[in-house]
Amino acid sequence: MSIYIAHRLFAAHDRALAAALAERLAAKVGAQRIFLPFCDTDEEDLVAEVKGRRLFELDRDRLGRLDAMVALVHGPSLDDGVCMEIGYAAATGIPVLLLTTDFQVYSLTEAGPRLDFPDPLLQAVATRVIRVPHLGPPSSSHQQGATRYADFLSRNLAQIDTALDTAVEILLQLSPPGWTSSTARDQDELVYVEGSPYAAAGDDYLVRPCLDAGHRVVLPRRFTATDPVTGALDDLHAACRASRLLADVSGPETPPGTALLIGAALATGVRIAAVHLRPSYTHATGREPNWRNLMIQYAVHAHLDDTEAVQAWLAM
């Protein structure tokens, strides 16, 4: 079994949590069967001509030869690189376990179905979701001089231990997902358009150039469907069958569902363009400036920063 651990990796506590999971899994299946990004790509010390692209290549190579993935996804803001990796794995038929300690659940309307994640696509592709939303039990005995903060820390660490141990137990029993992406491609002119919730103009600024260029358009259904998970699966299949994915990646991060679709589209050979009208950049030691998470930046085939660029890409 080869297991990929997808995790947010920009802060020490995120890396430490992923390392704790990797250590538990390695004890069961052997360290050679675990892939832990950042650690196993030697990201801090890696030297490459274009470091971000090299890291993307190393991660994608491992994504192409997996038996299972476990992804750490916490809170309403889900890492876009992790979501891209989830989409890639799911589209290639790899079972995906999603682990969260978030105590919130989500809905697309006030009275709508409750979801474990803000975008129903994650729920749709997950083979299993593990939620451990509550603190561990209070300590039955207090050491002399111990504060309430020490007890609070202990209860959080107990929650993490429960989550990780549960993930290891279930991961080793995962079965393939209940869906598979179709390799059949629709007509060449079909474009799946994924707008951004941060775009005030809605989807028309992307739809209109597609229609003007003679393309057919399919839009997301999951945000308006009575059953968001079923709608999400419809979106996933449509994106994987289209000839092109035109996705607005604007926002603090690429929206999680958009990132997932980019990963799935890359895995299934769809041409991908990222629309980013107001790009900002991140900078890391030894790495080129990145206008999005590097898993998004190097997954897409075109970066479009104005409407003229959108029109030109659609005309290609």
# chains A, B, ... in the order shown; residues from 1 in each chain; ligands from 1
call {"tool": "residues_around", "arguments": {"residues": "Lys51 in chain A", "least_positions_apart": "5", "cutoff": "12 Å", "atoms": "only C-alpha atoms", "output": "PyMOL selection string"}}
result
chain A and resi 41-46+56-58+283-290+294+298
call {"tool": "write_last_selection", "arguments": {"atoms": "N, CA, C and O atoms", "output": "compact mmCIF listing (two decimals), in the first residue's frame"}}
result
# COMPACT_ATOMS: atom_id res chain seq x y z
N THR A 41 9.83 15.60 -0.05
CA THR A 41 10.40 16.35 -1.17
C THR A 41 11.54 17.25 -0.70
O THR A 41 12.10 18.01 -1.51
N ASP A 42 11.86 17.19 0.58
CA ASP A 42 12.96 17.98 1.15
C ASP A 42 12.78 19.46 0.79
O ASP A 42 13.71 20.15 0.38
N GLU A 43 11.54 19.95 0.98
CA GLU A 43 11.19 21.26 0.44
C GLU A 43 12.04 22.39 1.00
O GLU A 43 12.41 23.32 0.28
N GLU A 44 12.37 22.34 2.28
CA GLU A 44 13.13 23.45 2.86
C GLU A 44 14.51 23.59 2.23
O GLU A 44 15.00 24.69 2.03
N ASP A 45 15.14 22.47 1.91
CA ASP A 45 16.53 22.49 1.43
C ASP A 45 16.67 22.20 -0.06
O ASP A 45 17.78 22.29 -0.59
N LEU A 46 15.57 21.85 -0.72
CA LEU A 46 15.64 21.54 -2.15
C LEU A 46 16.13 22.74 -2.95
O LEU A 46 15.67 23.87 -2.75
N PHE A 56 6.00 20.61 -7.63
CA PHE A 56 4.77 20.13 -8.27
C PHE A 56 5.02 18.81 -8.98
O PHE A 56 4.22 17.87 -8.86
N GLU A 57 6.12 18.71 -9.71
CA GLU A 57 6.42 17.48 -10.44
C GLU A 57 6.62 16.30 -9.49
O GLU A 57 6.15 15.18 -9.77
N LEU A 58 7.31 16.52 -8.39
CA LEU A 58 7.54 15.45 -7.42
C LEU A 58 6.22 14.98 -6.82
O LEU A 58 5.98 13.78 -6.66
N HIS A 283 5.84 34.43 -1.71
CA HIS A 283 7.29 34.33 -1.88
C HIS A 283 7.84 33.42 -0.79
O HIS A 283 7.50 33.57 0.38
N ALA A 284 8.68 32.48 -1.18
CA ALA A 284 9.33 31.58 -0.23
C ALA A 284 10.80 31.46 -0.62
O ALA A 284 11.14 31.55 -1.81
N THR A 285 11.64 31.25 0.36
CA THR A 285 13.07 31.19 0.13
C THR A 285 13.43 30.16 -0.94
O THR A 285 13.00 29.00 -0.86
N GLY A 286 14.17 30.60 -1.95
CA GLY A 286 14.63 29.71 -3.00
C GLY A 286 13.59 29.39 -4.06
O GLY A 286 13.86 28.63 -4.99
N ARG A 287 12.39 29.96 -3.92
CA ARG A 287 11.30 29.63 -4.84
C ARG A 287 10.91 30.85 -5.65
O ARG A 287 10.96 31.98 -5.15
N GLU A 288 10.51 30.63 -6.89
CA GLU A 288 10.03 31.70 -7.73
C GLU A 288 8.73 32.27 -7.16
O GLU A 288 8.02 31.57 -6.45
N PRO A 289 8.39 33.53 -7.45
CA PRO A 289 7.09 34.05 -7.00
C PRO A 289 5.95 33.19 -7.57
O PRO A 289 5.97 32.83 -8.75
N ASN A 290 4.99 32.86 -6.73
CA ASN A 290 3.83 32.06 -7.15
C ASN A 290 2.58 32.90 -7.08
O ASN A 290 2.32 33.56 -6.06
N LEU A 294 1.25 26.49 -5.57
CA LEU A 294 1.99 25.92 -6.70
C LEU A 294 1.30 24.71 -7.32
O LEU A 294 1.47 24.42 -8.50
N TYR A 298 0.84 25.22 -11.39
CA TYR A 298 1.46 24.35 -12.39
C TYR A 298 0.52 23.26 -12.91
O TYR A 298 0.88 22.55 -13.85
call {"tool": "select_by_dssp", "arguments": {"residues": "range 45-178 of chain A", "states": "strand (DSSP E)", "output": "list of chain:residue names"}}
result
A:Ala68, A:Met69, A:Val70, A:Ala71, A:Leu72, A:Val96, A:Leu97, A:Leu98, A:Leu99, A:Thr100, A:Arg128, A:Val129, A:Ile130, A:Arg131
call {"tool": "write_last_selection", "arguments": {"atoms": "N, CA and C atoms", "output": "JSON list (two decimals), in the first residue's frame"}}
result
[["chain", "number", "residue", "atom", "x", "y", "z"],
["A", 68, "ALA", "N", -3.88, 4.86, -1.82],
["A", 68, "ALA", "CA", -4.85, 5.55, -0.97],
["A", 68, "ALA", "C", -4.32, 6.94, -0.63],
["A", 69, "MET", "N", -5.23, 7.82, -0.26],
["A", 69, "MET", "CA", -4.88, 9.15, 0.20],
["A", 69, "MET", "C", -5.63, 9.45, 1.48],
["A", 70, "VAL", "N", -4.95, 10.10, 2.41],
["A", 70, "VAL", "CA", -5.63, 10.67, 3.57],
["A", 70, "VAL", "C", -5.32, 12.16, 3.57],
["A", 71, "ALA", "N", -6.35, 12.98, 3.65],
["A", 71, "ALA", "CA", -6.20, 14.43, 3.58],
["A", 71, "ALA", "C", -6.68, 15.05, 4.88],
["A", 72, "LEU", "N", -5.87, 15.95, 5.41],
["A", 72, "LEU", "CA", -6.21, 16.68, 6.63],
["A", 72, "LEU", "C", -6.86, 17.99, 6.21],
["A", 96, "VAL", "N", -10.12, 7.96, -1.01],
["A", 96, "VAL", "CA", -9.68, 9.15, -0.30],
["A", 96, "VAL", "C", -10.39, 9.23, 1.05],
["A", 97, "LEU", "N", -9.60, 9.33, 2.09],
["A", 97, "LEU", "CA", -10.12, 9.53, 3.45],
["A", 97, "LEU", "C", -9.91, 10.99, 3.83],
["A", 98, "LEU", "N", -10.97, 11.65, 4.26],
["A", 98, "LEU", "CA", -10.87, 13.04, 4.70],
["A", 98, "LEU", "C", -11.00, 13.08, 6.22],
["A", 99, "LEU", "N", -10.04, 13.73, 6.86],
["A", 99, "LEU", "CA", -9.99, 13.80, 8.32],
["A", 99, "LEU", "C", -10.15, 15.24, 8.76],
["A", 100, "THR", "N", -11.10, 15.49, 9.66],
["A", 100, "THR", "CA", -11.32, 16.84, 10.15],
["A", 100, "THR", "C", -11.63, 16.82, 11.64],
["A", 128, "ARG", "N", -14.41, 7.97, 2.69],
["A", 128, "ARG", "CA", -14.85, 8.07, 4.08],
["A", 128, "ARG", "C", -14.49, 9.45, 4.60],
["A", 129, "VAL", "N", -15.33, 9.94, 5.49],
["A", 129, "VAL", "CA", -15.04, 11.18, 6.22],
["A", 129, "VAL", "C", -14.96, 10.83, 7.70],
["A", 130, "ILE", "N", -13.87, 11.23, 8.33],
["A", 130, "ILE", "CA", -13.73, 11.06, 9.78],
["A", 130, "ILE", "C", -13.82, 12.43, 10.42],
["A", 131, "ARG", "N", -14.83, 12.61, 11.26],
["A", 131, "ARG", "CA", -14.98, 13.85, 12.03],
["A", 131, "ARG", "C", -14.79, 13.52, 13.51]]
call {"tool": "select_by_dssp", "arguments": {"residues": "range 48-151 of chain A", "states": "helix (DSSP H, G or I)", "output": "PyMOL selection string"}}
result
chain A and resi 51-63+80-91+120-125+148-151
call {"tool": "residues_around", "arguments": {"residues": "Asp188 in chain A", "least_positions_apart": "2", "cutoff": "12 Å", "atoms": "only C-alpha atoms", "output": "ChimeraX atom specification"}}
result
/A:184-186,190-192,214-217,241-245,270-271,314,316
call {"tool": "residues_around", "arguments": {"residues": "range 27-40 of chain A", "least_positions_apart": "2", "cutoff": "10 Å", "atoms": "only C-alpha atoms", "output": "VMD selection string"}}
result
chain A and resid 1 to 10 15 18 to 19 21 to 25 42 to 46 55 58 to 59 62 to 63 66 to 69 168 to 169 172
call {"tool": "atom_distance", "arguments": {"atom1": "CA of Asp151 in chain A", "atom2": "CA of Pro137 in chain A"}}
result
9.6 Å
call {"tool": "residues_around", "arguments": {"residues": "Ala273 in chain A", "least_positions_apart": "5", "cutoff": "6 Å", "atoms": "only C-alpha atoms", "output": "ChimeraX atom specification"}}
result
/A:246,300-303
call {"tool": "write_last_selection", "arguments": {"atoms": "C-alpha atoms", "output": "tab-separated table (two decimals), in the first residue's frame"}}
result
chain	number	residue	atom	x	y	z
A	246	LEU	CA	-12.36	27.61	-17.38
A	300	VAL	CA	-3.28	24.71	-15.21
A	301	HIS	CA	-2.30	25.16	-18.83
A	302	ALA	CA	-3.01	28.89	-19.03
A	303	HIS	CA	-3.09	31.82	-16.61
call {"tool": "closest_residue", "arguments": {"among": "A:Arg208, A:Ala11, A:Val82, A:Met295", "to": "Arg54 in chain A", "atoms": "only C-alpha atoms"}}
result
A:Met295
call {"tool": "closest_residue", "arguments": {"among": "A:Thr226, A:Thr268, A:Thr282, A:Gln104", "to": "Gly87 in chain A", "atoms": "only C-alpha atoms"}}
result
A:Thr268
call {"tool": "residues_around", "arguments": {"residues": "Gln159 in chain A", "least_positions_apart": "5", "cutoff": "10 Å", "atoms": "only C-alpha atoms", "output": "NGL selection string"}}
result
:A and (101 or 132-137 or 153-154 or 164)
call {"tool": "write_last_selection", "arguments": {"atoms": "N, CA, C and O atoms", "output": "PDB file, in the first residue's frame"}}
result
ATOM      1  N   THR A 101     -11.167  17.847  12.337  1.00  0.00           N
ATOM      2  CA  THR A 101     -11.545  18.050  13.735  1.00  0.00           C
ATOM      3  C   THR A 101     -12.412  19.298  13.868  1.00  0.00           C
ATOM      4  O   THR A 101     -12.601  19.805  14.975  1.00  0.00           O
ATOM      5  N   VAL A 132     -13.861  14.217  14.110  1.00  0.00           N
ATOM      6  CA  VAL A 132     -13.652  14.108  15.565  1.00  0.00           C
ATOM      7  C   VAL A 132     -13.763  15.537  16.092  1.00  0.00           C
ATOM      8  O   VAL A 132     -12.758  16.232  16.264  1.00  0.00           O
ATOM      9  N   PRO A 133     -14.987  16.011  16.349  1.00  0.00           N
ATOM     10  CA  PRO A 133     -15.195  17.438  16.573  1.00  0.00           C
ATOM     11  C   PRO A 133     -15.069  17.899  18.024  1.00  0.00           C
ATOM     12  O   PRO A 133     -15.136  19.102  18.281  1.00  0.00           O
ATOM     13  N   HIS A 134     -14.912  16.967  18.958  1.00  0.00           N
ATOM     14  CA  HIS A 134     -14.977  17.354  20.370  1.00  0.00           C
ATOM     15  C   HIS A 134     -13.651  17.143  21.084  1.00  0.00           C
ATOM     16  O   HIS A 134     -12.871  16.234  20.747  1.00  0.00           O
ATOM     17  N   LEU A 135     -13.415  17.976  22.079  1.00  0.00           N
ATOM     18  CA  LEU A 135     -12.235  17.832  22.915  1.00  0.00           C
ATOM     19  C   LEU A 135     -12.231  16.483  23.621  1.00  0.00           C
ATOM     20  O   LEU A 135     -13.278  15.867  23.823  1.00  0.00           O
ATOM     21  N   GLY A 136     -11.040  16.041  23.996  1.00  0.00           N
ATOM     22  CA  GLY A 136     -10.944  14.867  24.846  1.00  0.00           C
ATOM     23  C   GLY A 136     -11.528  15.155  26.225  1.00  0.00           C
ATOM     24  O   GLY A 136     -11.811  16.309  26.557  1.00  0.00           O
ATOM     25  N   PRO A 137     -11.720  14.131  27.036  1.00  0.00           N
ATOM     26  CA  PRO A 137     -12.330  14.326  28.361  1.00  0.00           C
ATOM     27  C   PRO A 137     -11.423  15.139  29.275  1.00  0.00           C
ATOM     28  O   PRO A 137     -10.194  15.123  29.124  1.00  0.00           O
ATOM     29  N   LEU A 153      -4.941  22.172  26.911  1.00  0.00           N
ATOM     30  CA  LEU A 153      -3.983  21.609  25.963  1.00  0.00           C
ATOM     31  C   LEU A 153      -4.087  20.093  25.925  1.00  0.00           C
ATOM     32  O   LEU A 153      -4.119  19.484  24.850  1.00  0.00           O
ATOM     33  N   SER A 154      -4.175  19.472  27.088  1.00  0.00           N
ATOM     34  CA  SER A 154      -4.266  18.019  27.161  1.00  0.00           C
ATOM     35  C   SER A 154      -5.511  17.508  26.448  1.00  0.00           C
ATOM     36  O   SER A 154      -5.465  16.493  25.740  1.00  0.00           O
ATOM     37  N   LEU A 164      -6.210  10.861  14.782  1.00  0.00           N
ATOM     38  CA  LEU A 164      -5.159  10.202  14.024  1.00  0.00           C
ATOM     39  C   LEU A 164      -5.247   8.686  14.133  1.00  0.00           C
ATOM     40  O   LEU A 164      -5.081   7.965  13.136  1.00  0.00           O
TER      41      LEU A 164
END
call {"tool": "atom_distance", "arguments": {"atom1": "CA of Val125 in chain A", "atom2": "CA of Ala299 in chain A"}}
result
19.4 Å
call {"tool": "closest_residue", "arguments": {"among": "A:Ala26, A:Val218, A:Leu171, A:Leu121", "to": "Leu236 in chain A", "atoms": "only C-alpha atoms"}}
result
A:Leu121
call {"tool": "atom_distance", "arguments": {"atom1": "CA of Ala89 in chain A", "atom2": "CA of Ala264 in chain A"}}
result
7.5 Å
call {"tool": "closest_residue", "arguments": {"among": "A:Ala247, A:Ala90, A:Met84, A:Val310", "to": "Pro197 in chain A", "atoms": "only C-alpha atoms"}}
result
A:Ala247
